[in-house]
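Trainee: If you scroll down you'll find the structure; I have some questions about it.
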Amino acid sequence: MRATAPPPRLPEDVETHYDCSIPLGDGHQVPVRIHVPRDLAHDAPTLVWIHGGGYVVGTADEDDALCARIASDIGIGVVSVEYRLAPEHPFPQGLDDCHAVVSALVDAHRAGTLALLGTGKVVIGGGSAGAGLAAAVALRLRDEGRLALAGQILLYPFIDSTLRSPSMTSFADSAIFNAHDAEVCWEHYLGDQRFTPPVYGSPTAATDLSGLPPAYVAAAGADCLHDEAVDYALRMRAAGVSVELHSFADVPHGFTGVAPWTTASRRAIAGVVDAIRRFSGLQEVSPPTPALAAAHEE
């Protein structure tokens, strides 16, 4: 798919820095790509974005177009994480990478290239396994007593290693990503732990979802992962978390990346942009007034 796709068109007002990294305590450096508008405000928020790929494939550059668009549309910095992948680097190594990047942003002492980002609130987000890692980081930070995230963006999250949701059966042969793919990915990432998973490895295993940051959750209607996304959103809401949940009918897993020009994708990304604005305390983009309402006002 990547070989046949045209190169992404990036906004001209956004600069991308490719040679940045965040150190881990064990000496490992986590590569990141930082997208910043040229007129970034000093107190601008930051989005930490985590790419998908079932915890086993994918690279940060696949989401360059999305990250640059968000940076341009909102006027924020976007940090895209090049985390380590299973099976060579199983849980918790990829999670540790993402946690380290977020921690570096929310800690008081920022160093090196991080100085080019704003000092505002931090939002985390991702798609598929990236959403799973984002949810896990949010849980881990809460458990550490660090309520530092302003919000979380979870696009068609891959978060239930037990594969027990109803849609995993009803959409077992779904396009793009199916039940067999899910099983293989969890085997690579968690191994035998996938049957009784650790909370940070499979966020649906968490029994307490209170105290998490506000969330925007998008579920794909024709996706084997649909029901785990809906279940997690509703459980967060029941625990007192502010949640915006959208189920987009008849679209497959990864629809915003596979077909970004479609109506569903445009609606989903517009919702992401507005959610980040809201989480960060910025003004939302108001939709145009419907023609009938405008005529009535006149």
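Residues in the structure tokens are numbered from 1 in each chain, the chains being A, B, ... in the order shown, and ligands are numbered from 1 in the order shown.
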Sort by chain and increasing residue number a table of all residues of region 23-118 of chain A within 10 Å of region 149-155 of chain A, each with its closest pair of atoms and their distance in Å to one decimal, counting only C-alpha atoms, and write it as JSON lines.

Mentor:
{"residue": "A:Pro45", "atom": "CA", "partner": "A:Ala150", "partner_atom": "CA", "distance": 9.4}
{"residue": "A:Thr46", "atom": "CA", "partner": "A:Ala150", "partner_atom": "CA", "distance": 9.9}
{"residue": "A:Leu47", "atom": "CA", "partner": "A:Gln152", "partner_atom": "CA", "distance": 9.3}
{"residue": "A:Val48", "atom": "CA", "partner": "A:Gln152", "partner_atom": "CA", "distance": 9.5}
{"residue": "A:Trp49", "atom": "CA", "partner": "A:Ile153", "partner_atom": "CA", "distance": 8.9}
{"residue": "A:Gly52", "atom": "CA", "partner": "A:Leu155", "partner_atom": "CA", "distance": 9.6}
{"residue": "A:Val102", "atom": "CA", "partner": "A:Leu149", "partner_atom": "CA", "distance": 8.8}
{"residue": "A:Val106", "atom": "CA", "partner": "A:Leu149", "partner_atom": "CA", "distance": 8.2}

Trainee: When you look at Arg9 (chain A) with a cut-off of 10 Å (counting only C-alpha atoms), what residues show up, excluding the ones that are within fewer than 5 positions of it in the same chain? I need them as a list in words.

Mentor: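 After dropping sequence-adjacent residues, the list is Asp64, Ala65, Leu66, Ala68 and Arg69 of chain A.
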
Trainee: Could you give me, as a list in words, the residues within 10 Å of Pro157 (chain A), counting only C-alpha atoms and dropping anything in the same chain fewer than 3 positions from it?

Mentor: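 In the requested format, the answer is Gly52, Gly54, Gly126, Gly127, Ser128, Ala129, Gly130, Ala131, Gly132, Leu133, Ala134, Ala135, Ile153, Leu154, Asp160, Pro203, Val217, Ala218, Ala219, Ala220, Leu225, His226, Asp227, Glu228, Ala229, Val230, Tyr232, His253 and Gly254 of chain A.
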
Trainee: CA of Ala233 (chain A) and CA of Ser202 (chain A) are how many Å apart?

Mentor: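 These atoms are spaced 14.5 Å apart.
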
Trainee: Env of region 264-278 of chain A: 8 Å cut, atoms = only C-alpha atoms, seq-sep filter 5 positions within chain, self excluded. Answer as a list in words.

Mentor: Ile70, Asp73, Ile74, Val123, Gly151, Ile153, Tyr216, Ala218, Phe248, Val251, Phe255, Thr256, Ala259, Gln283, Glu284 and Val285 of chain A

Trainee: Just write the chosen residues, N, CA, C and O atoms, as a PDB file, in the first residue's frame.

Mentor:
ATOM      1  N   ILE A  70      -2.338  18.244  11.842  1.00  0.00           N
ATOM      2  CA  ILE A  70      -2.792  18.632  13.179  1.00  0.00           C
ATOM      3  C   ILE A  70      -1.964  19.797  13.698  1.00  0.00           C
ATOM      4  O   ILE A  70      -2.499  20.758  14.266  1.00  0.00           O
ATOM      5  N   ASP A  73      -3.189  22.892  11.683  1.00  0.00           N
ATOM      6  CA  ASP A  73      -4.568  23.295  11.929  1.00  0.00           C
ATOM      7  C   ASP A  73      -4.770  23.899  13.314  1.00  0.00           C
ATOM      8  O   ASP A  73      -5.575  24.824  13.486  1.00  0.00           O
ATOM      9  N   ILE A  74      -4.068  23.362  14.303  1.00  0.00           N
ATOM     10  CA  ILE A  74      -4.293  23.808  15.675  1.00  0.00           C
ATOM     11  C   ILE A  74      -3.218  24.790  16.142  1.00  0.00           C
ATOM     12  O   ILE A  74      -3.445  25.574  17.058  1.00  0.00           O
ATOM     13  N   VAL A 123      -1.410  16.313  25.338  1.00  0.00           N
ATOM     14  CA  VAL A 123      -2.443  15.345  24.965  1.00  0.00           C
ATOM     15  C   VAL A 123      -1.744  14.154  24.331  1.00  0.00           C
ATOM     16  O   VAL A 123      -0.728  14.312  23.645  1.00  0.00           O
ATOM     17  N   GLY A 151      -5.730  15.052  27.853  1.00  0.00           N
ATOM     18  CA  GLY A 151      -6.707  14.260  27.115  1.00  0.00           C
ATOM     19  C   GLY A 151      -6.048  13.114  26.387  1.00  0.00           C
ATOM     20  O   GLY A 151      -4.814  13.032  26.291  1.00  0.00           O
ATOM     21  N   ILE A 153      -6.595  10.607  22.734  1.00  0.00           N
ATOM     22  CA  ILE A 153      -7.258  10.364  21.457  1.00  0.00           C
ATOM     23  C   ILE A 153      -7.053   8.894  21.108  1.00  0.00           C
ATOM     24  O   ILE A 153      -5.915   8.452  20.901  1.00  0.00           O
ATOM     25  N   TYR A 216     -11.397  11.047  23.494  1.00  0.00           N
ATOM     26  CA  TYR A 216     -12.134  10.981  22.232  1.00  0.00           C
ATOM     27  C   TYR A 216     -11.857   9.596  21.672  1.00  0.00           C
ATOM     28  O   TYR A 216     -10.708   9.225  21.441  1.00  0.00           O
ATOM     29  N   ALA A 218     -12.858   6.721  18.691  1.00  0.00           N
ATOM     30  CA  ALA A 218     -13.505   6.424  17.418  1.00  0.00           C
ATOM     31  C   ALA A 218     -13.431   4.923  17.169  1.00  0.00           C
ATOM     32  O   ALA A 218     -12.350   4.325  17.243  1.00  0.00           O
ATOM     33  N   PHE A 248     -18.299   4.785  13.614  1.00  0.00           N
ATOM     34  CA  PHE A 248     -18.464   5.115  12.200  1.00  0.00           C
ATOM     35  C   PHE A 248     -18.895   3.854  11.446  1.00  0.00           C
ATOM     36  O   PHE A 248     -18.132   2.897  11.335  1.00  0.00           O
ATOM     37  N   VAL A 251     -17.216   1.127   8.021  1.00  0.00           N
ATOM     38  CA  VAL A 251     -15.838   1.415   7.613  1.00  0.00           C
ATOM     39  C   VAL A 251     -14.901   0.422   8.299  1.00  0.00           C
ATOM     40  O   VAL A 251     -15.182  -0.055   9.400  1.00  0.00           O
ATOM     41  N   PHE A 255      -9.438   3.171   8.976  1.00  0.00           N
ATOM     42  CA  PHE A 255     -10.043   3.871   7.836  1.00  0.00           C
ATOM     43  C   PHE A 255      -9.494   5.271   7.628  1.00  0.00           C
ATOM     44  O   PHE A 255      -9.384   5.740   6.507  1.00  0.00           O
ATOM     45  N   THR A 256      -9.100   5.969   8.697  1.00  0.00           N
ATOM     46  CA  THR A 256      -8.597   7.337   8.519  1.00  0.00           C
ATOM     47  C   THR A 256      -7.258   7.359   7.796  1.00  0.00           C
ATOM     48  O   THR A 256      -6.931   8.344   7.124  1.00  0.00           O
ATOM     49  N   ALA A 259      -8.056   5.481   3.860  1.00  0.00           N
ATOM     50  CA  ALA A 259      -8.861   6.299   2.938  1.00  0.00           C
ATOM     51  C   ALA A 259      -9.161   7.653   3.569  1.00  0.00           C
ATOM     52  O   ALA A 259     -10.311   7.937   3.941  1.00  0.00           O
ATOM     53  N   GLN A 283      -9.975  27.238  21.635  1.00  0.00           N
ATOM     54  CA  GLN A 283     -11.303  27.387  21.060  1.00  0.00           C
ATOM     55  C   GLN A 283     -11.556  26.314  20.018  1.00  0.00           C
ATOM     56  O   GLN A 283     -10.723  26.048  19.166  1.00  0.00           O
ATOM     57  N   GLU A 284     -12.741  25.690  20.091  1.00  0.00           N
ATOM     58  CA  GLU A 284     -13.117  24.696  19.089  1.00  0.00           C
ATOM     59  C   GLU A 284     -13.475  25.380  17.773  1.00  0.00           C
ATOM     60  O   GLU A 284     -13.780  26.564  17.731  1.00  0.00           O
ATOM     61  N   VAL A 285     -13.419  24.609  16.699  1.00  0.00           N
ATOM     62  CA  VAL A 285     -13.847  25.103  15.397  1.00  0.00           C
ATOM     63  C   VAL A 285     -15.335  24.832  15.265  1.00  0.00           C
ATOM     64  O   VAL A 285     -15.767  23.679  15.232  1.00  0.00           O
TER      65      VAL A 285
END

Trainee: Excluding same-chain residues fewer than 4 positions from Glu144 (chain A), what lies within 12 Å of it counting only C-alpha atoms, as a list in words?

Mentor: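 What passes the distance filter is His99, Ser103, Val137, Ala138, Leu139, Arg140, Ala148, Gly211 and Leu212 of chain A.
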